[in-house]
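K.L.:
Before I ask anything, here is the structure I am working with.
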Amino acid sequence: MNINNLFYSFIIIHVISWTLIPTLTNNNLPLDTIEHLAWGSNLDWGFNKHPPAVAFFLEIFYQIFEAQDWAYYLLSQIFVAIAFIVVFKFAEELFKNKTLSLISVLLLESIYFYNFTTPEFNVNVCQLPFWALCGYYSWKIFDKQDINVKDCFWLGVFATIGFLSKYLFIYLLLAIDTLFFYVIFVTKYKKFDFKYLISLEVFIVLLIPHLIWLINNDYATIIYGLTRAGLENSSLLDHIIHPLIFLIKQIGILIPFFVMSFFLVNKFKFKISLKDKKLLFLVFINIVPIGLMFLTSMITGSKIRTMWMTPFYLFFGVLIVYIFQAQINLKKLNHFLSAFLILFIFSPFAYAYISITETDKRTDYPGKEIAIKTQYAWDQDHKEPITIVLGDEWVAGNLSYHLKSRPVWEGPITQDKLNSLSKFTCIDNICVGNR
């Protein structure tokens, strides 16, 4: 019970801190959050950059809280908290030891994907709980000889939502599929059962509306992703340079994680055997997705952007603790806890300092003031509410969010769109109107 209390106290403090700090220090919501809120004003089964899940969750919160910035910082932390809780539950089932489970989650606080970057609710944060849930339900299916249909069903559901958050979720799903192929057809540790296909069937059925949208919109999200990866201009040298940059960045990101692990482990002695079924599972959900990303970069010459790796390290704490559990002295955790507390306190203060001292960030954009001026200009000539806003996702998205009438964002300004409006007013690079 004491460990449970410590864990949930950590979760509560994490959520409060990372909701409060950006609320007090930012003048405007971050770029991605505003962009996805703009999509949410005009919900569809997909958008030009990403699948629809992130916009769906934001729109739910907008319908409840409207233009309250703190609500979207809270939403982001709820997603992080759910992921942490699922990882904790998974570790409990793996270790049968609450203390090791707690340490597995505390280690994640050293990875800046799970603290410093979380105030910006975007497709990367949106994946977190579903990545964790897919790992957890895959373990439940993997660990039991008798397959539970409900576990297969929920794995399919969470896999779909994760994939509809961001296509890169497929790397976890490929790793899980490879694991089951390995244990069924190579080692024959498990026997094939048609119940395994339930997850795939659920995944495909739930994905159909998005696939229809994708076809009808000329595969816009896929083309955007390939463009962001820089495939169009890749050269032969990129097949070497980009994978190396990718590896260097991952090592850099994990330095605080390795430092905390150093304080945790007395001696770095370990034996790795893939005959250990628990270790095999942990390798496949931790190392294989990263390996697949590395191979993607090496084969295609694509540039892997750092933030794309946000969900990939959720189970890294469990992996490290499992490998070195024999060298962890639970009676001498003071240095580890000191390192944890330093990072836990330093991160929000560093975020606040940067937010306050740097004044040219997106979060310093005067979105509310511009919305007030736009509403005033509109009211001089029109009595009807503003229902449509046109322009780029950032400027027009801010208006869609801040204006009380919550106008629908309908994309860039075009003559056809202006002709479809009964009344409109254009200021700089945005147009507002009524249909």
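Naming works like this for the structure tokens: A, B, ... for the chains as they're shown, residue 1 at the start of each chain, ligands 1 onward in shown order.
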Return as number ranges by chain the full set of residues in range 40-269 of chain A whose backbone-based DSSP assignment is alpha helix (DSSP H).
P.N.:
A: 40, 53-65, 69-95, 98-106, 123-143, 149-163, 170-181, 197-216, 220-228, 238-264
K.L.:
Go ahead and write the residues just picked, C-alpha atoms, as a compact mmCIF listing (two decimals), in the first residue's frame.
P.N.:
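What landed in result24.txt:
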```
# COMPACT_ATOMS: atom_id res chain seq x y z
CA GLY A 40 -11.23 19.58 -34.30
CA ALA A 53 -7.56 10.82 -33.20
CA VAL A 54 -5.66 13.82 -31.83
CA ALA A 55 -8.28 16.28 -33.13
CA PHE A 56 -11.08 14.09 -31.76
CA PHE A 57 -9.72 14.12 -28.19
CA LEU A 58 -9.06 17.86 -28.29
CA GLU A 59 -12.55 18.59 -29.56
CA ILE A 60 -14.06 16.58 -26.69
CA PHE A 61 -12.18 18.78 -24.24
CA TYR A 62 -13.16 21.93 -26.15
CA GLN A 63 -16.83 21.01 -25.90
CA ILE A 64 -16.40 20.70 -22.13
CA PHE A 65 -13.97 23.53 -21.28
CA ASP A 69 -5.70 26.89 -21.91
CA TRP A 70 -5.12 24.91 -18.72
CA ALA A 71 -7.59 22.24 -19.88
CA TYR A 72 -5.37 21.26 -22.82
CA TYR A 73 -2.25 21.12 -20.68
CA LEU A 74 -4.27 18.90 -18.33
CA LEU A 75 -5.41 16.71 -21.23
CA SER A 76 -1.79 16.13 -22.18
CA GLN A 77 -0.86 15.14 -18.63
CA ILE A 78 -3.84 12.80 -18.39
CA PHE A 79 -2.47 10.93 -21.41
CA VAL A 80 1.00 10.78 -19.83
CA ALA A 81 -0.45 9.65 -16.49
CA ILE A 82 -2.49 6.86 -18.11
CA ALA A 83 0.64 5.63 -19.89
CA PHE A 84 2.60 5.64 -16.62
CA ILE A 85 -0.17 3.78 -14.79
CA VAL A 86 -0.36 1.11 -17.49
CA VAL A 87 3.44 0.67 -17.45
CA PHE A 88 3.27 0.33 -13.65
CA LYS A 89 0.55 -2.33 -13.89
CA PHE A 90 2.50 -4.17 -16.57
CA ALA A 91 5.66 -4.09 -14.43
CA GLU A 92 3.69 -5.42 -11.46
CA GLU A 93 2.60 -8.45 -13.46
CA LEU A 94 6.13 -8.96 -14.75
CA PHE A 95 8.10 -8.52 -11.51
CA LYS A 98 5.80 -3.20 -6.43
CA THR A 99 9.11 -1.51 -5.62
CA LEU A 100 10.72 -2.60 -8.89
CA SER A 101 7.55 -1.54 -10.68
CA LEU A 102 7.74 1.92 -9.14
CA ILE A 103 11.42 2.28 -10.09
CA SER A 104 10.56 1.27 -13.68
CA VAL A 105 8.23 4.27 -13.97
CA LEU A 106 10.40 6.73 -12.03
CA VAL A 123 0.09 13.35 -32.16
CA ASN A 124 3.19 12.19 -30.27
CA VAL A 125 1.63 12.62 -26.83
CA CYS A 126 -1.66 11.23 -28.13
CA GLN A 127 0.02 7.88 -28.82
CA LEU A 128 1.34 7.37 -25.28
CA PRO A 129 -1.56 5.63 -23.48
CA PHE A 130 -2.35 3.44 -26.48
CA TRP A 131 1.29 2.44 -26.93
CA ALA A 132 1.37 1.42 -23.27
CA LEU A 133 -2.00 -0.38 -23.50
CA CYS A 134 -0.94 -2.31 -26.62
CA GLY A 135 2.20 -3.43 -24.83
CA TYR A 136 0.21 -4.45 -21.76
CA TYR A 137 -2.49 -6.40 -23.61
CA SER A 138 0.10 -8.05 -25.85
CA TRP A 139 1.80 -9.25 -22.68
CA LYS A 140 -1.46 -10.64 -21.31
CA ILE A 141 -1.96 -12.62 -24.52
CA PHE A 142 1.70 -13.67 -24.69
CA ASP A 143 1.91 -14.74 -21.05
CA VAL A 149 -10.98 -13.13 -26.45
CA LYS A 150 -11.48 -9.85 -24.55
CA ASP A 151 -7.72 -9.26 -24.44
CA CYS A 152 -7.50 -9.75 -28.21
CA PHE A 153 -10.46 -7.43 -28.77
CA TRP A 154 -9.02 -4.62 -26.63
CA LEU A 155 -5.61 -5.01 -28.24
CA GLY A 156 -7.28 -4.44 -31.62
CA VAL A 157 -9.17 -1.38 -30.31
CA PHE A 158 -6.12 0.28 -28.74
CA ALA A 159 -3.97 -0.56 -31.75
CA THR A 160 -6.48 1.21 -33.99
CA ILE A 161 -6.67 4.35 -31.83
CA GLY A 162 -2.88 4.43 -31.60
CA PHE A 163 -2.52 4.09 -35.37
CA ILE A 170 2.77 0.71 -36.85
CA TYR A 171 6.36 0.12 -35.70
CA LEU A 172 5.13 -1.19 -32.34
CA LEU A 173 2.47 -3.32 -34.05
CA LEU A 174 5.06 -4.78 -36.45
CA ALA A 175 7.30 -5.62 -33.48
CA ILE A 176 4.42 -7.37 -31.69
CA ASP A 177 3.46 -9.30 -34.83
CA THR A 178 7.08 -10.34 -35.33
CA LEU A 179 7.24 -11.55 -31.72
CA PHE A 180 4.19 -13.78 -32.10
CA PHE A 181 5.41 -15.08 -35.46
CA LEU A 197 -6.66 -12.93 -35.60
CA ILE A 198 -9.38 -11.20 -33.58
CA SER A 199 -7.04 -8.24 -32.94
CA LEU A 200 -6.28 -7.94 -36.65
CA GLU A 201 -9.95 -8.16 -37.59
CA VAL A 202 -10.94 -5.47 -35.08
CA PHE A 203 -8.05 -3.29 -36.28
CA ILE A 204 -9.07 -3.54 -39.94
CA VAL A 205 -12.81 -3.02 -39.32
CA LEU A 206 -12.29 0.08 -37.16
CA LEU A 207 -9.80 1.46 -39.68
CA ILE A 208 -12.17 1.28 -42.67
CA PRO A 209 -13.62 4.85 -42.37
CA HIS A 210 -10.13 6.33 -42.29
CA LEU A 211 -8.98 4.20 -45.24
CA ILE A 212 -11.97 5.43 -47.26
CA TRP A 213 -11.08 9.02 -46.36
CA LEU A 214 -7.46 8.36 -47.29
CA ILE A 215 -8.38 7.08 -50.74
CA ASN A 216 -10.81 9.96 -51.34
CA ALA A 220 -2.61 13.19 -48.25
CA THR A 221 -1.32 12.09 -44.82
CA ILE A 222 1.03 9.48 -46.27
CA ILE A 223 2.45 11.96 -48.77
CA TYR A 224 2.96 14.51 -45.98
CA GLY A 225 4.81 11.94 -43.84
CA LEU A 226 7.11 10.97 -46.71
CA THR A 227 7.80 14.64 -47.42
CA ARG A 228 8.65 15.32 -43.75
CA ASP A 238 21.82 10.04 -46.58
CA HIS A 239 21.55 6.26 -46.15
CA ILE A 240 24.62 6.46 -43.90
CA ILE A 241 24.45 9.95 -42.37
CA HIS A 242 20.79 9.97 -41.30
CA PRO A 243 20.90 6.59 -39.50
CA LEU A 244 24.06 7.67 -37.66
CA ILE A 245 22.47 10.98 -36.65
CA PHE A 246 19.43 9.02 -35.50
CA LEU A 247 21.57 6.78 -33.24
CA ILE A 248 23.55 9.71 -31.82
CA LYS A 249 20.35 11.57 -30.98
CA GLN A 250 18.86 8.53 -29.23
CA ILE A 251 21.98 8.13 -27.11
CA GLY A 252 21.88 11.83 -26.24
CA ILE A 253 18.22 11.63 -25.23
CA LEU A 254 18.93 8.64 -22.98
CA ILE A 255 21.97 10.08 -21.15
CA PRO A 256 19.92 11.23 -18.10
CA PHE A 257 18.21 7.82 -18.14
CA PHE A 258 21.59 6.03 -18.06
CA VAL A 259 22.81 8.34 -15.28
CA MET A 260 19.81 7.46 -13.12
CA SER A 261 20.31 3.78 -13.94
CA PHE A 262 23.96 4.11 -12.82
CA PHE A 263 22.81 5.20 -9.36
CA LEU A 264 20.37 2.30 -9.27
```
K.L.:
Can you pull out every residue within 12 Å of Lys331 in chain A, counting only C-alpha atoms, but drop anything in the same chain fewer than 4 positions away, and send it as a PyMOL selection string?
P.N.:
chain A and resi 99+264-266+327+335-337
K.L.:
Kindly indicate which residue among A:Asp44, A:Asp32, A:Glu66, A:Asp364 lies nearest to Thr118 in chain A, using only C-alpha atoms for the distances.
P.N.:
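Answer, going by the shortest atom-to-atom distance: A:Asp32.
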K.L.:
Give me the residues within 8 Å of range 390-393 of chain A as a list in words, counting only C-alpha atoms and dropping any in the same chain fewer than 4 places off.
P.N.:
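These residues fall inside the cut-off: Ile34, Glu35, Ala38, Gly397, Asn398, Trp409, Glu410, Gly411, Pro412, Ile413, Asn429, Ile430, Cys431 and Val432 of chain A.
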K.L.:
Would you mind exporting N, CA, C and O atoms of the selected residues as a compact mmCIF listing (two decimals), in the first residue's frame?
P.N.:
```txt
# COMPACT_ATOMS: atom_id res chain seq x y z
N ILE A 34 -2.80 24.15 -31.13
CA ILE A 34 -3.69 25.06 -31.87
C ILE A 34 -4.06 24.46 -33.22
O ILE A 34 -5.23 24.49 -33.65
N GLU A 35 -3.07 23.90 -33.90
CA GLU A 35 -3.31 23.30 -35.22
C GLU A 35 -4.33 22.17 -35.12
O GLU A 35 -5.28 22.09 -35.91
N ALA A 38 -7.78 23.38 -34.48
CA ALA A 38 -8.39 23.86 -35.73
C ALA A 38 -9.01 22.69 -36.49
O ALA A 38 -10.13 22.79 -37.01
N GLY A 397 -6.24 29.10 -36.93
CA GLY A 397 -6.54 28.18 -35.85
C GLY A 397 -6.67 28.89 -34.52
O GLY A 397 -7.52 28.54 -33.68
N ASN A 398 -5.83 29.90 -34.29
CA ASN A 398 -5.95 30.70 -33.07
C ASN A 398 -7.29 31.42 -33.00
O ASN A 398 -7.90 31.50 -31.94
N TRP A 409 -12.71 26.04 -38.94
CA TRP A 409 -11.57 26.30 -39.81
C TRP A 409 -11.73 25.46 -41.07
O TRP A 409 -11.87 24.25 -41.00
N GLU A 410 -11.73 26.13 -42.23
CA GLU A 410 -11.93 25.43 -43.49
C GLU A 410 -10.73 25.50 -44.43
O GLU A 410 -10.86 25.41 -45.64
N GLY A 411 -9.55 25.69 -43.85
CA GLY A 411 -8.33 25.62 -44.65
C GLY A 411 -7.87 26.96 -45.19
O GLY A 411 -8.31 28.03 -44.75
N PRO A 412 -6.97 26.95 -46.18
CA PRO A 412 -6.41 28.18 -46.74
C PRO A 412 -7.47 29.03 -47.44
O PRO A 412 -8.55 28.54 -47.79
N ILE A 413 -7.12 30.28 -47.66
CA ILE A 413 -8.03 31.20 -48.36
C ILE A 413 -7.99 30.90 -49.86
O ILE A 413 -6.93 30.88 -50.47
N ASN A 429 -3.65 38.01 -43.35
CA ASN A 429 -3.67 36.71 -44.03
C ASN A 429 -4.80 35.80 -43.58
O ASN A 429 -4.70 34.58 -43.75
N ILE A 430 -5.82 36.38 -42.99
CA ILE A 430 -6.97 35.58 -42.54
C ILE A 430 -8.28 36.21 -43.01
O ILE A 430 -8.36 37.43 -43.20
N CYS A 431 -9.27 35.35 -43.17
CA CYS A 431 -10.61 35.83 -43.50
C CYS A 431 -11.59 35.17 -42.57
O CYS A 431 -11.50 33.95 -42.30
N VAL A 432 -12.55 35.94 -42.07
CA VAL A 432 -13.63 35.39 -41.26
C VAL A 432 -14.93 35.71 -41.95
O VAL A 432 -15.05 36.71 -42.67
```
K.L.:
Which value, in Å to one decimal, gives the distance between CA of Phe344 in chain A and CA of Ser9 in chain A?
P.N.:
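Computing the Euclidean distance for CA of Phe344 in chain A and CA of Ser9 in chain A yields 13.1 Å.
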K.L.:
Take CA of Leu279 in chain A and CA of Met293 in chain A and report the distance between them in Å, one decimal.
P.N.:
20.9 Å
